[in-house]
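To be precise, the following lines are upload-v2.cif, and they hold mmCIF, C-alpha atoms.
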```
data_structure
#
loop_
_atom_site.label_atom_id
_atom_site.label_comp_id
_atom_site.auth_asym_id
_atom_site.auth_seq_id
_atom_site.Cartn_x
_atom_site.Cartn_y
_atom_site.Cartn_z
CA TYR X 1495 -131.81 -59.98 -89.73
CA LYS X 1496 -134.80 -61.60 -88.07
CA ARG X 1497 -138.13 -61.93 -89.81
CA GLN X 1498 -140.83 -59.89 -88.08
CA ASP X 1499 -143.44 -61.78 -86.08
CA LEU X 1500 -146.78 -60.26 -87.02
CA GLY X 1501 -148.48 -61.95 -84.06
CA ARG X 1502 -146.25 -60.06 -81.64
CA MET X 1503 -146.81 -56.84 -83.58
CA ARG X 1504 -150.55 -57.38 -83.44
CA ALA X 1505 -150.42 -58.07 -79.68
CA VAL X 1506 -148.78 -54.71 -78.84
CA THR X 1507 -151.17 -52.91 -81.18
CA GLU X 1508 -154.23 -54.52 -79.65
CA LYS X 1509 -152.94 -53.77 -76.14
CA VAL X 1510 -152.59 -50.01 -76.67
CA MET X 1511 -155.82 -49.76 -78.64
CA GLU X 1512 -157.68 -51.56 -75.84
CA ALA X 1513 -156.02 -49.38 -73.17
CA ALA X 1514 -156.92 -46.21 -75.10
CA ASN X 1515 -160.46 -47.47 -75.63
CA TRP X 1516 -159.92 -46.96 -79.36
CA GLY X 1517 -163.13 -46.14 -81.21
CA ARG X 1518 -164.84 -44.45 -78.27
CA ASP X 1519 -166.64 -41.18 -78.83
CA LEU X 1520 -164.27 -38.28 -78.29
CA PRO X 1521 -165.11 -34.68 -77.51
CA ASP X 1522 -165.07 -32.18 -80.37
CA ASN X 1523 -161.54 -31.18 -81.41
CA TYR X 1524 -160.04 -34.38 -79.96
CA GLY X 1525 -158.34 -37.08 -81.97
CA MET X 1526 -156.32 -40.25 -81.60
CA GLY X 1527 -153.58 -41.71 -83.73
CA VAL X 1528 -151.74 -45.01 -83.69
CA ALA X 1529 -148.40 -46.22 -85.03
CA VAL X 1530 -146.47 -49.47 -84.76
CA HIS X 1531 -142.73 -50.02 -84.95
CA PHE X 1532 -140.16 -52.84 -85.03
CA SER X 1533 -136.50 -52.31 -84.21
CA PHE X 1534 -133.79 -53.86 -82.05
CA LEU X 1535 -135.93 -57.01 -82.36
CA SER X 1536 -138.66 -55.39 -80.22
CA TYR X 1537 -142.23 -54.48 -81.13
CA VAL X 1538 -143.77 -51.21 -79.98
CA ALA X 1539 -147.21 -49.69 -80.55
CA THR X 1540 -148.18 -46.19 -79.50
CA VAL X 1541 -151.51 -44.38 -79.34
CA VAL X 1542 -151.49 -40.61 -78.88
CA GLU X 1543 -154.57 -38.61 -77.90
CA VAL X 1544 -154.59 -34.87 -78.63
CA SER X 1545 -156.92 -31.92 -78.43
CA GLU X 1546 -157.02 -28.74 -80.46
CA THR X 1547 -157.05 -25.63 -78.30
CA ALA X 1548 -159.15 -22.53 -79.00
CA ASP X 1549 -156.12 -20.84 -80.59
CA GLY X 1550 -155.54 -23.71 -83.03
CA LYS X 1551 -152.65 -25.31 -81.18
CA VAL X 1552 -152.36 -29.01 -80.38
CA LYS X 1553 -152.12 -30.35 -76.84
CA VAL X 1554 -151.05 -33.93 -76.23
CA GLU X 1555 -153.54 -35.27 -73.70
CA LYS X 1556 -152.34 -38.85 -73.23
CA ILE X 1557 -149.90 -41.40 -74.60
CA TYR X 1558 -150.27 -45.17 -74.47
CA SER X 1559 -147.30 -47.39 -75.36
CA ALA X 1560 -146.86 -51.17 -75.34
CA ILE X 1561 -143.69 -53.14 -75.98
CA ASP X 1562 -142.83 -56.76 -76.59
CA ALA X 1563 -139.12 -56.86 -75.87
CA GLY X 1564 -138.92 -60.57 -75.15
CA GLN X 1565 -138.13 -61.69 -71.61
CA VAL X 1566 -137.95 -58.72 -69.28
CA VAL X 1567 -135.91 -58.73 -66.10
CA ASN X 1568 -136.98 -55.35 -64.69
CA VAL X 1569 -140.46 -54.29 -65.82
CA ASP X 1570 -140.22 -50.87 -64.12
CA ARG X 1571 -137.00 -50.09 -66.01
CA VAL X 1572 -138.63 -51.02 -69.33
CA LYS X 1573 -141.64 -48.82 -68.53
CA SER X 1574 -139.36 -45.88 -67.66
CA GLN X 1575 -137.51 -46.38 -70.95
CA LEU X 1576 -140.83 -46.22 -72.82
CA GLU X 1577 -141.80 -43.04 -70.96
CA GLY X 1578 -138.48 -41.40 -71.80
CA ALA X 1579 -138.74 -42.54 -75.41
CA ALA X 1580 -142.22 -40.99 -75.63
CA MET X 1581 -140.92 -37.64 -74.35
CA PHE X 1582 -137.94 -37.74 -76.69
CA GLY X 1583 -140.20 -38.60 -79.64
CA MET X 1584 -142.69 -35.91 -78.65
CA SER X 1585 -139.86 -33.35 -78.42
CA ILE X 1586 -138.59 -34.26 -81.88
CA ALA X 1587 -142.07 -34.23 -83.44
CA MET X 1588 -143.10 -30.94 -81.88
CA TYR X 1589 -139.88 -28.92 -81.85
CA GLY X 1590 -136.90 -30.88 -83.15
CA GLU X 1591 -135.02 -29.04 -85.80
CA ILE X 1592 -131.33 -28.62 -86.45
CA THR X 1593 -130.43 -25.59 -88.54
CA THR X 1594 -127.14 -24.34 -89.88
CA LYS X 1595 -125.79 -20.89 -90.60
CA ASN X 1596 -122.51 -20.24 -92.35
CA GLY X 1597 -121.74 -23.95 -92.23
CA GLN X 1598 -122.23 -24.28 -88.47
CA VAL X 1599 -125.01 -25.88 -86.48
CA GLU X 1600 -126.92 -23.16 -84.66
CA GLN X 1601 -128.23 -25.28 -81.78
CA ASP X 1602 -125.58 -26.07 -79.21
CA ASN X 1603 -127.56 -26.78 -76.05
CA TYR X 1604 -131.08 -26.85 -74.62
CA ASN X 1605 -131.29 -23.07 -74.47
CA ASN X 1606 -131.68 -23.03 -78.27
CA TYR X 1607 -132.84 -26.61 -78.95
CA GLN X 1608 -136.29 -26.88 -77.45
CA VAL X 1609 -137.56 -30.08 -75.88
CA VAL X 1610 -140.89 -30.80 -74.24
CA ARG X 1611 -141.22 -28.89 -70.98
CA MET X 1612 -142.79 -30.29 -67.81
CA HIS X 1613 -146.08 -28.44 -68.34
CA GLU X 1614 -146.46 -30.17 -71.72
CA VAL X 1615 -145.90 -33.71 -70.45
CA PRO X 1616 -149.11 -35.74 -70.72
CA GLU X 1617 -150.16 -38.77 -68.74
CA ILE X 1618 -148.38 -41.83 -70.12
CA GLU X 1619 -149.54 -45.42 -69.73
CA THR X 1620 -147.02 -48.12 -70.58
CA PHE X 1621 -147.50 -51.83 -70.98
CA VAL X 1622 -144.95 -54.63 -71.18
CA ILE X 1623 -146.11 -57.76 -72.97
CA ASP X 1624 -145.16 -60.99 -71.22
CA SER X 1625 -142.97 -62.99 -73.61
CA SER X 1626 -140.76 -66.06 -73.62
CA GLU X 1627 -138.63 -64.72 -76.49
CA PRO X 1628 -135.00 -63.79 -75.77
CA PRO X 1629 -134.48 -60.28 -74.28
CA MET X 1630 -134.46 -57.49 -76.88
CA GLY X 1631 -133.88 -53.74 -77.03
CA VAL X 1632 -135.92 -51.34 -74.91
CA GLY X 1633 -134.16 -47.95 -75.05
CA GLU X 1634 -134.58 -46.91 -78.67
CA PRO X 1635 -137.68 -48.72 -80.03
CA GLY X 1636 -140.20 -46.56 -78.17
CA THR X 1637 -139.18 -43.32 -79.90
CA PRO X 1638 -140.00 -43.88 -83.61
CA PRO X 1639 -143.76 -44.58 -83.36
CA LEU X 1640 -144.50 -41.40 -81.39
CA ALA X 1641 -144.23 -38.97 -84.32
CA PRO X 1642 -146.53 -40.82 -86.75
CA ALA X 1643 -149.06 -41.54 -83.99
CA LEU X 1644 -149.01 -37.83 -83.08
CA ALA X 1645 -149.39 -36.76 -86.73
CA ASN X 1646 -152.33 -39.15 -87.13
CA ALA X 1647 -153.94 -37.76 -83.97
CA VAL X 1648 -153.45 -34.19 -85.22
CA PHE X 1649 -155.28 -35.10 -88.42
CA ALA X 1650 -158.10 -36.77 -86.48
CA ALA X 1651 -158.51 -33.72 -84.21
CA THR X 1652 -157.96 -30.88 -86.67
CA GLY X 1653 -158.31 -32.26 -90.19
CA LYS X 1654 -154.81 -30.91 -90.92
CA ARG X 1655 -152.52 -33.49 -92.51
CA VAL X 1656 -148.95 -33.02 -91.28
CA ARG X 1657 -146.40 -34.52 -93.67
CA ASP X 1658 -143.23 -32.97 -92.32
CA LEU X 1659 -141.96 -32.11 -88.89
CA PRO X 1660 -141.62 -30.37 -86.50
CA LEU X 1661 -145.19 -29.32 -85.69
CA LYS X 1662 -143.94 -25.87 -84.62
CA ASN X 1663 -143.34 -25.10 -88.31
CA HIS X 1664 -147.07 -25.58 -88.93
CA GLY X 1665 -148.16 -23.28 -86.10
CA LEU X 1666 -149.55 -26.22 -84.15
CA VAL X 1667 -147.47 -25.77 -80.97
#
```

Rewrite the structure from the file as structure tokens, please.
Amino acid sequence: YKRQDLGRMRAVTEKVMEAANWGRDLPDNYGMGVAVHFSFLSYVATVVEVSETADGKVKVEKIYSAIDAGQVVNVDRVKSQLEGAAMFGMSIAMYGEITTKNGQVEQDNYNNYQVVRMHEVPEIETFVIDSSEPPMGVGEPGTPPLAPALANAVFAATGKRVRDLPLKNHGLV
């Protein structure tokens, strides 16, 4: 176990909030949410911007993610991992649900386990913090902060507090 470095956590948070221009005036029915995460000895912060459509659904407009994963050999690979993690996290938060019937899992492939489709994919900006720390994990740490950032953005845009997932169960997607 390694003690968390709050300076590194603050750096990723400040990076995404600066990139998202946090605190700017947003159009009506828009909202932003932020979440920060530490795992695999890496620090990740994510800002999600959403809008509420005329029919009361939520559309993810943009995602900003920053990671401090220590020394990075291939920045493009780390950025692509963050993008994939964002889509995986967005899929879980919006649609992810495993159900059982008669003791068997009902979802057995992507035909009955929905993930984010191409038309739902927002613009994603990713940032890799320059660090002299030893290399850390980059595949998994980007996924966990997406759901709470999205839920916070939903609240900011709609006033609806989501306390359980997926969003589809709340009629938001």

Next item on the list: Check what the PyMOL selection byres ((chain X and resi 1568-1578) around 10) selects in the file above and give those residues as a ChimeraX atom specification.
Entry: /X:1538,1540,1557-1561,1563,1565-1567,1579-1584,1617-1624,1631-1637

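Separating atom CA of X:Val1530 from atom CA of X:Lys1553 is a distance of 21.5 Å.
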
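Our summary of the geometry notes that atom CA of X:Pro1642 is positioned 25.6 Å from atom CA of X:Thr1594.
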
Notebook entry, point to check: How far is it from atom CA of X:Gly1653 to atom CA of X:Gly1525, in Å with one decimal?
Noted result: 9.5 Å

Next item on the list: List the residues matched by the PyMOL selection byres ((chain X and resi 1529) around 10) in the displayed structure as a ChimeraX atom specification, ordered by chain and then by residue number.
Entry: /X:1507,1527-1528,1530-1531,1538-1542,1559,1638-1646

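What the PyMOL selection byres ((chain X and resi 1590) around 9) grabs from this file is Met1584, Ser1585, Ile1586, Ala1587, Met1588, Tyr1589, Glu1591, Ile1592, Tyr1607, Gln1608, Val1609, Leu1659, Pro1660, Leu1661 and Lys1662 of chain X.
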
Note to self: With 9 Å as the threshold, what does the neighbourhood of (-156.1, -35.1, -85.4) contain in terms of residues, counting only C-alpha atoms? Coordinates are those of the file; answer as a PyMOL selection string.
What the structure shows: chain X and resi 1523-1527+1543-1546+1552+1644-1655

Notebook entry, point to check: Can you tell me, as JSON, numbers by chain, what residues are no more than 12 Å from X:Asp1499 when counting only C-alpha atoms, ignoring any on the same chain fewer than 6 positions away?
Noted result: {"X": [1505, 1506, 1531, 1532, 1533, 1535, 1536, 1537, 1562, 1564, 1627]}
